[in-house]
$ cat protein-v5.cif   # mmCIF, C-alpha atoms
data_run
#
loop_
_atom_site.label_atom_id
_atom_site.label_comp_id
_atom_site.auth_asym_id
_atom_site.auth_seq_id
_atom_site.Cartn_x
_atom_site.Cartn_y
_atom_site.Cartn_z
CA MET A 27 0.00 0.00 0.00
CA ALA A 28 2.78 2.37 -0.86
CA GLY A 29 2.74 5.52 -2.95
CA THR A 30 0.00 7.90 -3.97
CA GLY A 31 -2.19 5.01 -5.09
CA PHE A 32 -3.24 4.43 -1.51
CA VAL A 33 -4.07 8.12 -0.96
CA ASP A 34 -6.23 8.08 -4.09
CA ARG A 35 -8.15 5.10 -2.71
CA TYR A 36 -8.40 6.83 0.69
CA ALA A 37 -9.80 9.99 -0.92
CA ALA A 38 -12.34 8.00 -2.91
CA ALA A 39 -13.52 6.13 0.19
CA PHE A 40 -13.48 8.92 2.80
CA GLY A 41 -13.45 12.20 0.85
CA ARG A 42 -10.79 14.43 -0.67
CA ASN A 43 -10.52 16.72 2.36
CA LYS A 44 -9.59 13.83 4.64
CA ALA A 45 -6.85 12.82 2.25
CA LEU A 46 -5.43 16.34 2.01
CA LEU A 47 -3.34 16.11 5.19
CA LEU A 48 -1.83 12.82 4.01
CA ARG A 49 -0.76 14.41 0.73
CA MET A 50 0.62 17.56 2.38
CA THR A 51 2.79 15.64 4.83
CA GLY A 52 3.94 12.92 2.47
CA MET A 53 2.10 10.26 4.46
CA THR A 54 1.17 8.45 1.28
CA ALA A 55 1.46 4.88 2.58
CA ALA A 56 -0.99 3.20 4.94
CA GLU A 57 -0.12 2.26 8.50
CA THR A 58 0.29 -1.51 8.58
CA HIS A 59 1.49 -2.48 12.04
CA ALA A 60 2.54 -0.98 15.35
CA GLU A 61 4.38 -1.89 18.52
CA GLY A 62 5.08 0.14 21.64
CA ALA A 63 5.58 3.79 20.75
CA TRP A 64 6.01 3.19 17.02
CA ILE A 65 3.75 2.83 13.97
CA THR A 66 5.11 1.40 10.70
CA ASP A 67 3.70 2.08 7.23
CA GLY A 68 3.62 -0.06 4.11
CA THR A 69 7.03 1.19 2.95
CA GLY A 70 8.67 0.24 6.23
CA ARG A 71 8.91 3.83 7.47
CA ARG A 72 8.47 4.18 11.23
CA TRP A 73 6.52 6.95 12.98
CA LEU A 74 6.84 7.97 16.63
CA ASP A 75 3.31 8.10 17.99
CA PHE A 76 2.70 11.12 20.22
CA GLY A 77 -0.95 11.31 19.20
CA SER A 78 -3.58 8.56 18.92
CA PHE A 79 -6.15 10.76 20.70
CA GLY A 80 -4.93 9.57 24.11
CA VAL A 81 -5.77 5.93 23.47
CA HIS A 82 -2.33 4.29 23.55
CA LEU A 83 -0.97 5.08 27.00
CA ILE A 84 0.26 1.50 27.43
CA GLY A 85 1.61 1.49 23.89
CA HIS A 86 0.56 -0.40 20.80
CA ARG A 87 0.02 -4.14 21.17
CA HIS A 88 1.04 -4.44 24.82
CA PRO A 89 2.07 -8.11 25.12
CA GLU A 90 -0.04 -8.89 28.22
CA VAL A 91 -3.15 -7.33 26.72
CA VAL A 92 -2.64 -9.04 23.36
CA ALA A 93 -2.20 -12.39 25.14
CA ALA A 94 -5.41 -11.88 27.10
CA ALA A 95 -7.28 -11.00 23.90
CA GLN A 96 -5.93 -14.01 22.01
CA GLN A 97 -6.81 -16.34 24.86
CA GLN A 98 -10.35 -14.97 25.06
CA LEU A 99 -10.83 -15.15 21.27
CA GLY A 100 -10.24 -18.88 21.54
CA ARG A 101 -13.38 -19.08 23.67
CA MET A 102 -15.84 -16.27 22.91
CA GLY A 103 -15.93 -12.75 21.51
CA LEU A 104 -19.21 -10.89 21.94
CA SER A 105 -21.76 -11.81 24.57
CA GLY A 106 -24.97 -13.62 23.71
CA LYS A 107 -26.61 -10.98 25.97
CA ILE A 108 -28.95 -13.44 27.69
CA LEU A 109 -26.60 -15.33 30.00
CA GLY A 110 -24.26 -13.51 32.37
CA ASN A 111 -20.73 -13.11 31.03
CA ALA A 112 -17.77 -14.10 33.20
CA ALA A 113 -15.12 -11.96 31.46
CA ALA A 114 -17.25 -8.82 31.57
CA THR A 115 -18.10 -9.50 35.22
CA ALA A 116 -14.41 -9.85 36.09
CA CYS A 117 -13.67 -6.56 34.34
CA ALA A 118 -16.50 -4.84 36.23
CA GLU A 119 -15.14 -6.22 39.52
CA ALA A 120 -11.68 -4.91 38.63
CA LEU A 121 -13.09 -1.47 37.84
CA VAL A 122 -14.95 -1.33 41.14
CA ALA A 123 -11.78 -2.38 42.97
CA ALA A 124 -9.79 0.33 41.17
CA THR A 125 -12.18 3.22 41.94
CA PRO A 126 -13.18 4.95 45.20
CA ALA A 127 -15.09 2.66 47.55
CA HIS A 128 -18.48 4.36 47.17
CA LEU A 129 -18.53 3.57 43.43
CA ASP A 130 -19.88 0.05 43.31
CA ARG A 131 -21.75 -0.48 40.02
CA VAL A 132 -20.58 -0.62 36.41
CA SER A 133 -22.35 -0.03 33.10
CA PHE A 134 -20.27 -0.78 30.01
CA ALA A 135 -20.26 1.20 26.78
CA ASN A 136 -18.26 0.98 23.57
CA THR A 137 -16.97 4.56 23.42
CA GLY A 138 -16.49 7.55 25.65
CA SER A 139 -19.32 9.38 23.90
CA GLU A 140 -21.66 6.49 24.67
CA ALA A 141 -20.58 6.54 28.31
CA VAL A 142 -21.41 10.28 28.45
CA GLU A 143 -24.85 9.67 26.95
CA MET A 144 -25.40 6.85 29.42
CA ALA A 145 -24.47 9.12 32.35
CA MET A 146 -26.86 11.82 31.11
CA LYS A 147 -29.72 9.31 30.98
CA MET A 148 -28.87 7.91 34.41
CA ALA A 149 -28.76 11.39 35.93
CA ALA A 150 -32.11 12.38 34.42
CA LEU A 151 -33.75 9.13 35.56
CA ALA A 152 -32.27 9.37 39.07
CA THR A 153 -33.16 13.02 39.71
CA GLY A 154 -36.22 13.65 37.57
CA ARG A 155 -34.43 16.75 36.24
CA THR A 156 -33.44 17.48 32.65
CA ALA A 157 -30.88 20.33 32.66
CA PHE A 158 -27.11 19.92 32.79
CA VAL A 159 -24.02 22.00 33.57
CA ALA A 160 -20.61 21.61 31.93
CA LEU A 161 -17.38 23.60 31.99
CA ARG A 162 -16.10 26.16 29.53
CA GLY A 163 -13.55 24.46 27.29
CA SER A 164 -15.22 21.09 27.86
CA TYR A 165 -15.32 18.21 25.42
CA HIS A 166 -17.41 15.10 26.08
CA GLY A 167 -17.91 13.50 22.66
CA LYS A 168 -19.73 13.71 19.35
CA THR A 169 -23.00 11.87 19.85
CA ALA A 170 -26.00 14.22 20.08
CA GLY A 171 -26.14 14.66 23.85
CA ALA A 172 -22.36 14.63 24.35
CA LEU A 173 -21.94 17.24 21.62
CA HIS A 174 -24.29 19.60 23.47
CA LEU A 175 -22.15 19.15 26.61
CA SER A 176 -19.02 20.13 24.66
CA ASP A 177 -18.52 23.88 24.97
CA SER A 178 -16.90 24.67 21.62
CA PHE A 179 -19.29 22.49 19.63
CA ALA A 180 -22.62 22.99 21.41
CA GLY A 181 -23.56 25.93 19.19
CA ARG A 182 -22.76 23.91 16.06
CA ALA A 183 -24.62 20.74 17.08
CA PRO A 184 -26.77 19.77 14.08
CA LEU A 185 -29.47 18.12 16.21
CA PRO A 186 -31.49 19.97 18.86
CA LEU A 187 -31.43 18.75 22.45
CA ALA A 188 -34.50 19.22 24.63
CA ALA A 189 -32.39 19.25 27.80
CA PRO A 190 -30.74 22.66 28.33
CA VAL A 191 -27.00 22.79 29.00
CA HIS A 192 -25.39 25.68 30.92
CA PHE A 193 -21.65 26.37 30.75
CA VAL A 194 -19.62 27.80 33.63
CA ASP A 195 -16.01 28.98 33.67
CA PRO A 196 -13.83 27.24 36.30
CA ASP A 197 -11.18 29.94 35.86
CA ASP A 198 -13.55 32.82 36.66
CA PRO A 199 -14.41 33.20 40.38
CA ALA A 200 -17.29 35.50 39.42
CA ASP A 201 -18.99 32.56 37.71
CA GLU A 202 -19.28 30.63 40.97
CA ALA A 203 -22.34 32.65 42.02
CA ARG A 204 -24.05 31.86 38.71
CA LEU A 205 -23.30 28.17 39.15
CA ALA A 206 -24.68 28.23 42.69
CA ALA A 207 -27.89 29.87 41.43
CA LEU A 208 -28.26 27.29 38.66
CA LEU A 209 -27.93 24.41 41.10
CA GLU A 210 -30.24 25.97 43.67
CA SER A 211 -32.96 26.23 41.01
CA GLY A 212 -33.48 22.49 41.38
CA THR A 213 -33.53 21.89 37.61
CA VAL A 214 -30.00 20.56 37.04
CA ALA A 215 -29.67 16.78 36.93
CA ALA A 216 -25.86 16.68 36.84
CA VAL A 217 -22.68 18.69 36.49
CA PHE A 218 -20.11 17.19 34.10
CA ALA A 219 -16.44 18.04 34.66
CA GLU A 220 -13.12 16.93 33.18
CA PRO A 221 -10.22 17.21 35.68
CA VAL A 222 -8.05 18.31 32.75
CA ARG A 223 -9.89 19.73 29.75
CA GLY A 224 -8.02 17.78 27.11
CA GLU A 225 -9.59 18.96 23.87
CA GLY A 226 -10.02 22.40 25.43
CA GLY A 227 -6.25 22.93 25.36
CA VAL A 228 -4.91 20.52 28.03
CA ARG A 229 -6.05 22.88 30.78
CA PRO A 230 -6.10 21.46 34.33
CA VAL A 231 -9.02 22.34 36.58
CA ALA A 232 -7.95 23.43 40.06
CA PRO A 233 -8.66 20.80 42.76
CA SER A 234 -10.25 23.56 44.84
CA TYR A 235 -12.81 24.17 42.08
CA LEU A 236 -13.62 20.47 41.83
CA ALA A 237 -14.09 20.44 45.62
CA PHE A 238 -16.45 23.42 45.22
CA LEU A 239 -18.45 21.47 42.62
CA ARG A 240 -18.68 18.51 44.97
CA GLU A 241 -19.88 20.70 47.83
CA ARG A 242 -22.54 22.55 45.78
CA THR A 243 -23.87 19.47 44.00
CA GLU A 244 -24.16 17.55 47.27
CA ALA A 245 -26.05 20.43 48.87
CA THR A 246 -28.56 20.73 46.03
CA GLY A 247 -29.27 17.09 45.21
CA THR A 248 -27.39 17.40 41.92
CA LEU A 249 -25.22 14.57 40.65
CA LEU A 250 -21.54 15.12 39.91
CA VAL A 251 -20.12 13.31 36.88
CA LEU A 252 -16.33 13.22 36.60
CA ASP A 253 -15.20 12.57 33.04
CA GLU A 254 -11.82 10.84 33.35
CA ILE A 255 -11.97 9.32 29.87
CA GLN A 256 -8.75 11.13 28.92
CA THR A 257 -7.21 11.70 32.35
CA GLY A 258 -7.85 8.34 34.02
CA LEU A 259 -6.01 5.02 34.11
CA GLY A 260 -2.59 6.57 34.59
CA ARG A 261 -2.38 9.29 31.93
CA CYS A 262 -1.70 11.99 34.54
CA GLY A 263 0.56 9.82 36.71
CA LEU A 264 -2.26 8.71 39.03
CA LEU A 265 -4.75 5.93 38.48
CA TRP A 266 -7.43 8.65 38.53
CA ARG A 267 -6.47 12.27 38.33
CA SER A 268 -9.21 13.47 40.71
CA ALA A 269 -11.77 10.75 41.51
CA ALA A 270 -10.29 9.79 44.88
CA GLU A 271 -10.47 13.34 46.25
CA VAL A 272 -13.67 14.50 44.54
CA ARG A 273 -15.73 11.33 45.11
CA PRO A 274 -18.06 11.78 42.11
CA ASP A 275 -21.45 10.10 41.85
CA LEU A 276 -20.55 8.82 38.38
CA LEU A 277 -17.05 8.27 37.00
CA LEU A 278 -16.49 7.94 33.26
CA THR A 279 -13.59 5.95 31.84
CA GLY A 280 -12.56 4.82 28.37
CA LYS A 281 -9.76 5.33 25.82
CA VAL A 282 -6.89 3.57 27.65
CA LEU A 283 -9.35 0.95 28.96
CA GLY A 284 -9.48 -0.68 25.52
CA GLY A 285 -5.72 -1.22 25.53
CA GLY A 286 -5.35 0.15 22.02
CA LEU A 287 -7.02 -3.02 20.72
CA LEU A 288 -10.74 -2.22 20.74
CA PRO A 289 -13.25 0.42 21.85
CA LEU A 290 -14.22 0.10 25.52
CA ALA A 291 -15.67 2.57 27.99
CA ALA A 292 -17.67 2.44 31.20
CA VAL A 293 -19.69 4.39 33.74
CA VAL A 294 -18.78 3.45 37.31
CA HIS A 295 -21.46 4.78 39.62
CA ALA A 296 -22.65 4.81 43.21
CA SER A 297 -25.70 2.63 43.78
CA GLY A 298 -26.61 4.90 46.68
CA LYS A 299 -27.22 7.71 44.18
CA ILE A 300 -28.10 5.77 41.03
CA LYS A 301 -30.78 3.24 41.96
CA ASP A 302 -31.39 0.21 39.79
CA SER A 303 -34.37 1.95 38.21
CA ALA A 304 -32.06 4.70 36.94
CA ALA A 305 -29.81 2.08 35.32
CA ASP A 306 -32.78 0.98 33.20
CA PRO A 307 -31.59 -1.77 30.81
CA VAL A 308 -34.24 -0.80 28.26
CA VAL A 309 -32.74 2.69 28.00
CA LEU A 310 -29.08 1.73 28.46
CA ALA A 311 -28.74 -1.70 26.83
CA SER A 312 -26.23 -2.24 24.01
CA SER A 313 -25.82 -5.05 21.50
CA PHE A 314 -22.04 -4.84 21.69
CA ALA A 315 -21.04 -3.35 25.06
CA GLY A 316 -20.05 -5.72 27.84
CA GLY A 317 -18.73 -8.47 25.60
CA ALA A 318 -16.33 -11.19 26.65
CA LEU A 319 -13.42 -9.99 24.51
CA ALA A 320 -13.77 -6.42 25.78
CA GLY A 321 -13.97 -7.71 29.34
CA ALA A 322 -10.77 -9.74 28.99
CA VAL A 323 -8.92 -6.78 27.44
CA GLY A 324 -10.21 -4.33 30.07
CA SER A 325 -9.14 -6.60 32.93
CA ALA A 326 -5.64 -6.96 31.47
CA VAL A 327 -5.35 -3.18 31.03
CA LEU A 328 -6.46 -2.53 34.59
CA ASP A 329 -3.85 -4.99 35.84
CA VAL A 330 -1.10 -3.18 33.90
CA VAL A 331 -2.02 0.41 34.84
CA SER A 332 -2.70 -0.36 38.51
CA ARG A 333 0.90 -1.37 39.18
CA GLU A 334 2.88 1.15 41.18
CA GLY A 335 5.82 0.86 38.82
CA PHE A 336 3.66 1.80 35.85
CA LEU A 337 2.37 4.97 37.48
CA THR A 338 5.88 5.85 38.65
CA ASP A 339 7.13 5.49 35.08
CA VAL A 340 4.39 7.82 33.80
CA THR A 341 5.31 10.43 36.41
CA THR A 342 9.06 10.16 35.75
CA LEU A 343 8.71 10.23 31.98
CA GLY A 344 6.20 13.08 32.21
CA GLU A 345 8.54 15.20 34.30
CA HIS A 346 11.38 14.50 31.87
CA ALA A 347 9.20 15.37 28.88
CA HIS A 348 8.10 18.64 30.48
CA THR A 349 11.72 19.56 31.21
CA LEU A 350 12.79 18.77 27.65
CA LEU A 351 9.99 20.81 26.11
CA ASP A 352 10.37 23.71 28.55
CA GLU A 353 14.06 23.96 27.69
CA ALA A 354 13.48 23.53 23.94
CA PHE A 355 10.89 26.29 23.72
CA ALA A 356 11.97 28.69 26.49
CA ARG A 357 13.15 31.23 23.91
CA GLN A 358 10.90 30.16 21.04
CA PRO A 359 8.19 32.79 20.42
CA ARG A 360 6.13 30.38 18.33
CA ILE A 361 5.37 28.33 21.45
CA ALA A 362 3.52 30.33 24.09
CA ALA A 363 3.21 27.66 26.80
CA VAL A 364 3.94 24.07 27.76
CA ARG A 365 1.46 22.62 30.25
CA GLY A 366 -0.21 19.45 31.40
CA GLU A 367 0.27 16.60 33.83
CA GLY A 368 2.05 13.27 33.48
CA LEU A 369 2.07 12.18 29.85
CA MET A 370 -0.82 14.50 28.97
CA ILE A 371 1.03 17.53 27.60
CA GLY A 372 -0.15 20.52 25.61
CA LEU A 373 2.03 22.82 23.49
CA GLU A 374 0.26 26.13 22.96
CA ALA A 375 1.38 27.75 19.74
CA ALA A 376 1.29 31.48 19.04
CA ASP A 377 -1.74 30.96 16.80
CA GLU A 378 -3.63 28.30 14.87
CA SER A 379 -1.58 28.68 11.70
CA VAL A 380 1.64 27.98 13.60
CA ALA A 381 0.08 24.92 15.24
CA GLY A 382 -1.10 23.60 11.87
CA HIS A 383 2.36 23.97 10.36
CA VAL A 384 3.97 22.22 13.35
CA VAL A 385 1.68 19.21 12.80
CA LEU A 386 2.76 19.11 9.15
CA GLU A 387 6.48 19.60 9.83
CA ALA A 388 6.48 17.05 12.66
CA ALA A 389 4.90 14.47 10.37
CA LYS A 390 7.62 15.09 7.79
CA LEU A 391 10.12 14.30 10.56
CA GLY A 392 8.32 11.10 11.55
CA VAL A 393 6.48 12.32 14.68
CA LEU A 394 2.70 12.13 14.88
CA VAL A 395 0.94 14.85 16.90
CA SER A 396 -2.52 16.37 16.69
CA PHE A 397 -4.16 19.61 17.76
CA CYS A 398 -6.89 19.95 20.39
CA LEU A 399 -10.36 19.92 18.85
CA SER A 400 -11.72 22.79 20.95
CA ASP A 401 -8.54 24.87 20.90
CA PRO A 402 -6.56 24.21 17.72
CA ARG A 403 -3.74 26.50 18.86
CA VAL A 404 -2.72 23.73 21.28
CA LEU A 405 -0.92 20.58 20.16
CA ARG A 406 -1.42 17.38 22.11
CA VAL A 407 1.78 15.54 23.01
CA TYR A 408 0.67 12.21 24.49
CA PRO A 409 3.59 9.72 24.54
CA CYS A 410 3.05 6.18 25.75
CA ALA A 411 4.40 5.00 29.09
CA GLY A 412 6.73 2.45 27.51
CA ILE A 413 8.44 4.87 25.17
CA GLY A 414 11.86 4.82 26.81
CA LYS A 415 13.99 7.85 27.60
CA ALA A 416 16.00 7.80 24.38
CA ASP A 417 12.94 7.76 22.11
CA LEU A 418 11.27 10.44 24.23
CA GLU A 419 14.30 12.70 23.84
CA ASP A 420 14.48 11.92 20.12
CA GLY A 421 10.81 12.86 19.72
CA GLY A 422 11.26 16.06 21.68
CA GLY A 423 14.18 17.01 19.46
CA ARG A 424 12.16 16.38 16.32
CA LEU A 425 9.32 18.54 17.68
CA ALA A 426 11.81 21.36 18.25
CA GLU A 427 13.00 20.97 14.64
CA ALA A 428 9.40 21.02 13.44
CA VAL A 429 8.71 24.31 15.25
CA ALA A 430 11.90 25.82 13.88
CA ALA A 431 10.86 24.79 10.36
CA VAL A 432 7.60 26.78 10.45
CA PRO A 433 7.86 29.57 7.85
CA PRO A 434 8.07 33.18 9.11
CA ASN A 435 4.55 34.02 7.93
CA PRO A 436 2.64 30.72 8.02
#
$ encode --input "protein-v5.cif" --output "structure tokens"
Amino acid sequence: MAGTGFVDRYAAAFGRNKALLLRMTGMTAAETHAEGAWITDGTGRRWLDFGSFGVHLIGHRHPEVVAAAQQQLGRMGLSGKILGNAAATACAEALVAATPAHLDRVSFANTGSEAVEMAMKMAALATGRTAFVALRGSYHGKTAGALHLSDSFAGRAPLPLAAPVHFVDPDDPADEARLAALLESGTVAAVFAEPVRGEGGVRPVAPSYLAFLRERTEATGTLLVLDEIQTGLGRCGLLWRSAAEVRPDLLLTGKVLGGGLLPLAAVVHASGKIKDSAADPVVLASSFAGGALAGAVGSAVLDVVSREGFLTDVTTLGEHAHTLLDEAFARQPRIAAVRGEGLMIGLEAADESVAGHVVLEAAKLGVLVSFCLSDPRVLRVYPCAGIGKADLEDGGGRLAEAVAAVPPNP
């Protein structure tokens, strides 16, 4: 699948605009296999993966996860949905064991967006309310309800949503009074919050603000949903970036949970707040979620990321990456800021055109990065935990070259 022939096929199947980036960067061959931090194309060229939308924290084809998947495939893949499934049950038990003690029930989904929709339905059923609150800079997915919860996309959502969504700014103390008034109105079913707004520019939310959300939601009978789909399972150097301290009523997880092998997400919730009637199987059931293969993969992933050594590696590598990037761009006007936690790093460019050129130049140098959907000035740098110090430094050096290669007037 080498040469422009593949890009022509890609354009015919998916549209010319989607093929444009491939042509501009010379990525004219298809990806064919991957391992660890590297992706290889049909010509044998290798690409350092700093992107993948946050999915590959444990790297591509982690041997323990692949082994668990292969073993399970020899027995069963999807669930028949009538009998109980042992692999899915084991994964649910592992999730409950890995989350704060008050979270004791699991509902599986295929994607993070589905988990968000599921949480919205649960909150509405549990409270009898239909309004929601989300944060400025938020991103929760692209299904209809999740899109309305995503700040930068809510106004462009093509489908109307009967449930109103209010946005509050966690960086503006003056907005706290407006949030308090919204919650005291008794109409808000749940507040959704990401501990680090990933697509919003890799912007951490202060723990004090999350504590304020917990206090106000508890006082007004409002549910608190913590979206750790990007930040959880070790990405920030902790198993959960904020769940242990905040104690949400519903915790959302995904991305890393699928081990880079398949889509897998979940809502872990407190049965004391979400009664069985609010986890209505008629409203929440899925043909594909909660399958045996997904359960086996999820259990293996949880085993890997729960190890102290794994989380230590993320923290150590993250600190090293931040130091490298801080030093590389300290006197580079095209990069305005380096921020983030663990291996969830954002490079804020001077403007969107600079960021776009860095993506192109980095690809030419064999490094794959992407920009944040809600703030395209910011580039996501999400290495995997098994990258190794030498490859991390090599990737950082190539990013510095890519920035330097941006033309004076992009």
$ closest_residue --input "protein-v5.cif" --among "A:Val142, A:Ile84, A:Ala123, A:Leu283" --to "His166 (chain A)" --atoms "all atoms listed in the file"
A:Val142
$ closest_residue --input "protein-v5.cif" --among "A:Leu83, A:Arg162, A:Ala116, A:Gly70" --to "Thr58 (chain A)" --atoms "only C-alpha atoms"
A:Gly70
$ resolve_selection --input "protein-v5.cif" --expression "the PyMOL selection byres ((chain A and resi 215) around 8)" --output "number ranges by chain"
A: 149-150, 153-158, 213-214, 216-217, 248-249
$ atom_distance --input "protein-v5.cif" --atom1 "CA of Val340 (chain A)" --atom2 "CA of Gly368 (chain A)"
5.9 Å
$ resolve_selection --input "protein-v5.cif" --expression "the PyMOL selection byres ((chain A and resi 304) around 12)" --output "PyMOL selection string"
chain A and resi 131+133+144-154+295-303+305-310
$ closest_atom_pairs --input "protein-v5.cif" --of "region 262-355 of chain A" --to "region 397-410 of chain A" --cutoff "12 Å" --atoms "only C-alpha atoms" --output "Markdown table"
| residue | atom | partner | partner_atom | distance |
| --- | --- | --- | --- | --- |
| A:Cys262 | CA | A:Tyr408 | CA | 10.3 |
| A:Gly263 | CA | A:Cys410 | CA | 11.8 |
| A:Val282 | CA | A:Cys410 | CA | 10.5 |
| A:Gly285 | CA | A:Cys410 | CA | 11.5 |
| A:Gly286 | CA | A:Cys410 | CA | 11.0 |
| A:Val331 | CA | A:Cys410 | CA | 11.9 |
| A:Phe336 | CA | A:Cys410 | CA | 11.0 |
| A:Leu337 | CA | A:Cys410 | CA | 11.8 |
| A:Asp339 | CA | A:Cys410 | CA | 10.2 |
| A:Val340 | CA | A:Cys410 | CA | 8.3 |
| A:Thr341 | CA | A:Cys410 | CA | 11.7 |
| A:Leu343 | CA | A:Pro409 | CA | 9.0 |
| A:Gly344 | CA | A:Pro409 | CA | 8.8 |
| A:His346 | CA | A:Pro409 | CA | 11.7 |
| A:Ala347 | CA | A:Pro409 | CA | 9.1 |
| A:His348 | CA | A:Val407 | CA | 10.3 |
| A:Leu351 | CA | A:Val407 | CA | 10.2 |
$ atom_distance --input "protein-v5.cif" --atom1 "CA of Trp64 (chain A)" --atom2 "CA of His86 (chain A)"
7.5 Å
$ closest_residue --input "protein-v5.cif" --among "A:Ala320, A:Leu264, A:Val191, A:Ala37" --to "Ala95 (chain A)" --atoms "only C-alpha atoms"
A:Ala320
$ closest_residue --input "protein-v5.cif" --among "A:Ser332, A:Thr243, A:Gly412, A:Phe79" --to "Ile255 (chain A)" --atoms "all atoms listed in the file"
A:Phe79
$ resolve_selection --input "protein-v5.cif" --expression "the PyMOL selection byres ((chain A and resi 171) around 8)" --output "ChimeraX atom specification"
/A:142-143,146,168-170,172-175,187
$ atom_distance --input "protein-v5.cif" --atom1 "CA of Thr246 (chain A)" --atom2 "CA of Ala183 (chain A)"
29.2 Å
$ closest_residue --input "protein-v5.cif" --among "A:Arg87, A:Leu425, A:Val159, A:Val294" --to "Val395 (chain A)" --atoms "all atoms listed in the file"
A:Leu425
$ closest_residue --input "protein-v5.cif" --among "A:Ala375, A:Ala127, A:Ala180, A:Ala322" --to "Asp275 (chain A)" --atoms "only C-alpha atoms"
A:Ala127
$ residues_around --input "protein-v5.cif" --residues "Ala124 (chain A)" --least-positions-apart "6" --cutoff "12 Å" --atoms "only C-alpha atoms" --output "ChimeraX atom specification"
/A:117-118,130,132,258-260,264-266,269-270,277,279,294,325,327-333
$ axis_aligned_box --input "protein-v5.cif" --around "region 207-225 of chain A" --padding-each-side "8 Å" --output "JSON"
{"center_x": -20.8, "center_y": 23.3, "center_z": 33.8, "size_x": 41.5, "size_y": 29.2, "size_z": 35.8}
$ residues_around --input "protein-v5.cif" --residues "Arg273 (chain A)" --least-positions-apart "5" --cutoff "9 Å" --atoms "all atoms listed in the file" --output "PyMOL selection string"
chain A and resi 126+128-129+240+250+252+268
$ decode --input "protein-v5.cif" --residues "region 334-367 of chain A" --atoms "C-alpha atoms" --output "JSON list (two decimals), in the first residue's frame"
[["chain", "number", "residue", "atom", "x", "y", "z"],
["A", 334, "GLU", "CA", 2.88, 1.15, 41.18],
["A", 335, "GLY", "CA", 5.82, 0.86, 38.82],
["A", 336, "PHE", "CA", 3.66, 1.80, 35.85],
["A", 337, "LEU", "CA", 2.37, 4.97, 37.48],
["A", 338, "THR", "CA", 5.88, 5.85, 38.65],
["A", 339, "ASP", "CA", 7.13, 5.49, 35.08],
["A", 340, "VAL", "CA", 4.39, 7.82, 33.80],
["A", 341, "THR", "CA", 5.31, 10.43, 36.41],
["A", 342, "THR", "CA", 9.06, 10.16, 35.75],
["A", 343, "LEU", "CA", 8.71, 10.23, 31.98],
["A", 344, "GLY", "CA", 6.20, 13.08, 32.21],
["A", 345, "GLU", "CA", 8.54, 15.20, 34.30],
["A", 346, "HIS", "CA", 11.38, 14.50, 31.87],
["A", 347, "ALA", "CA", 9.20, 15.37, 28.88],
["A", 348, "HIS", "CA", 8.10, 18.64, 30.48],
["A", 349, "THR", "CA", 11.72, 19.56, 31.21],
["A", 350, "LEU", "CA", 12.79, 18.77, 27.65],
["A", 351, "LEU", "CA", 9.99, 20.81, 26.11],
["A", 352, "ASP", "CA", 10.37, 23.71, 28.55],
["A", 353, "GLU", "CA", 14.06, 23.96, 27.69],
["A", 354, "ALA", "CA", 13.48, 23.53, 23.94],
["A", 355, "PHE", "CA", 10.89, 26.29, 23.72],
["A", 356, "ALA", "CA", 11.97, 28.69, 26.49],
["A", 357, "ARG", "CA", 13.15, 31.23, 23.91],
["A", 358, "GLN", "CA", 10.90, 30.16, 21.04],
["A", 359, "PRO", "CA", 8.19, 32.79, 20.42],
["A", 360, "ARG", "CA", 6.13, 30.38, 18.33],
["A", 361, "ILE", "CA", 5.37, 28.33, 21.45],
["A", 362, "ALA", "CA", 3.52, 30.33, 24.09],
["A", 363, "ALA", "CA", 3.21, 27.66, 26.80],
["A", 364, "VAL", "CA", 3.94, 24.07, 27.76],
["A", 365, "ARG", "CA", 1.46, 22.62, 30.25],
["A", 366, "GLY", "CA", -0.21, 19.45, 31.40],
["A", 367, "GLU", "CA", 0.27, 16.60, 33.83]]
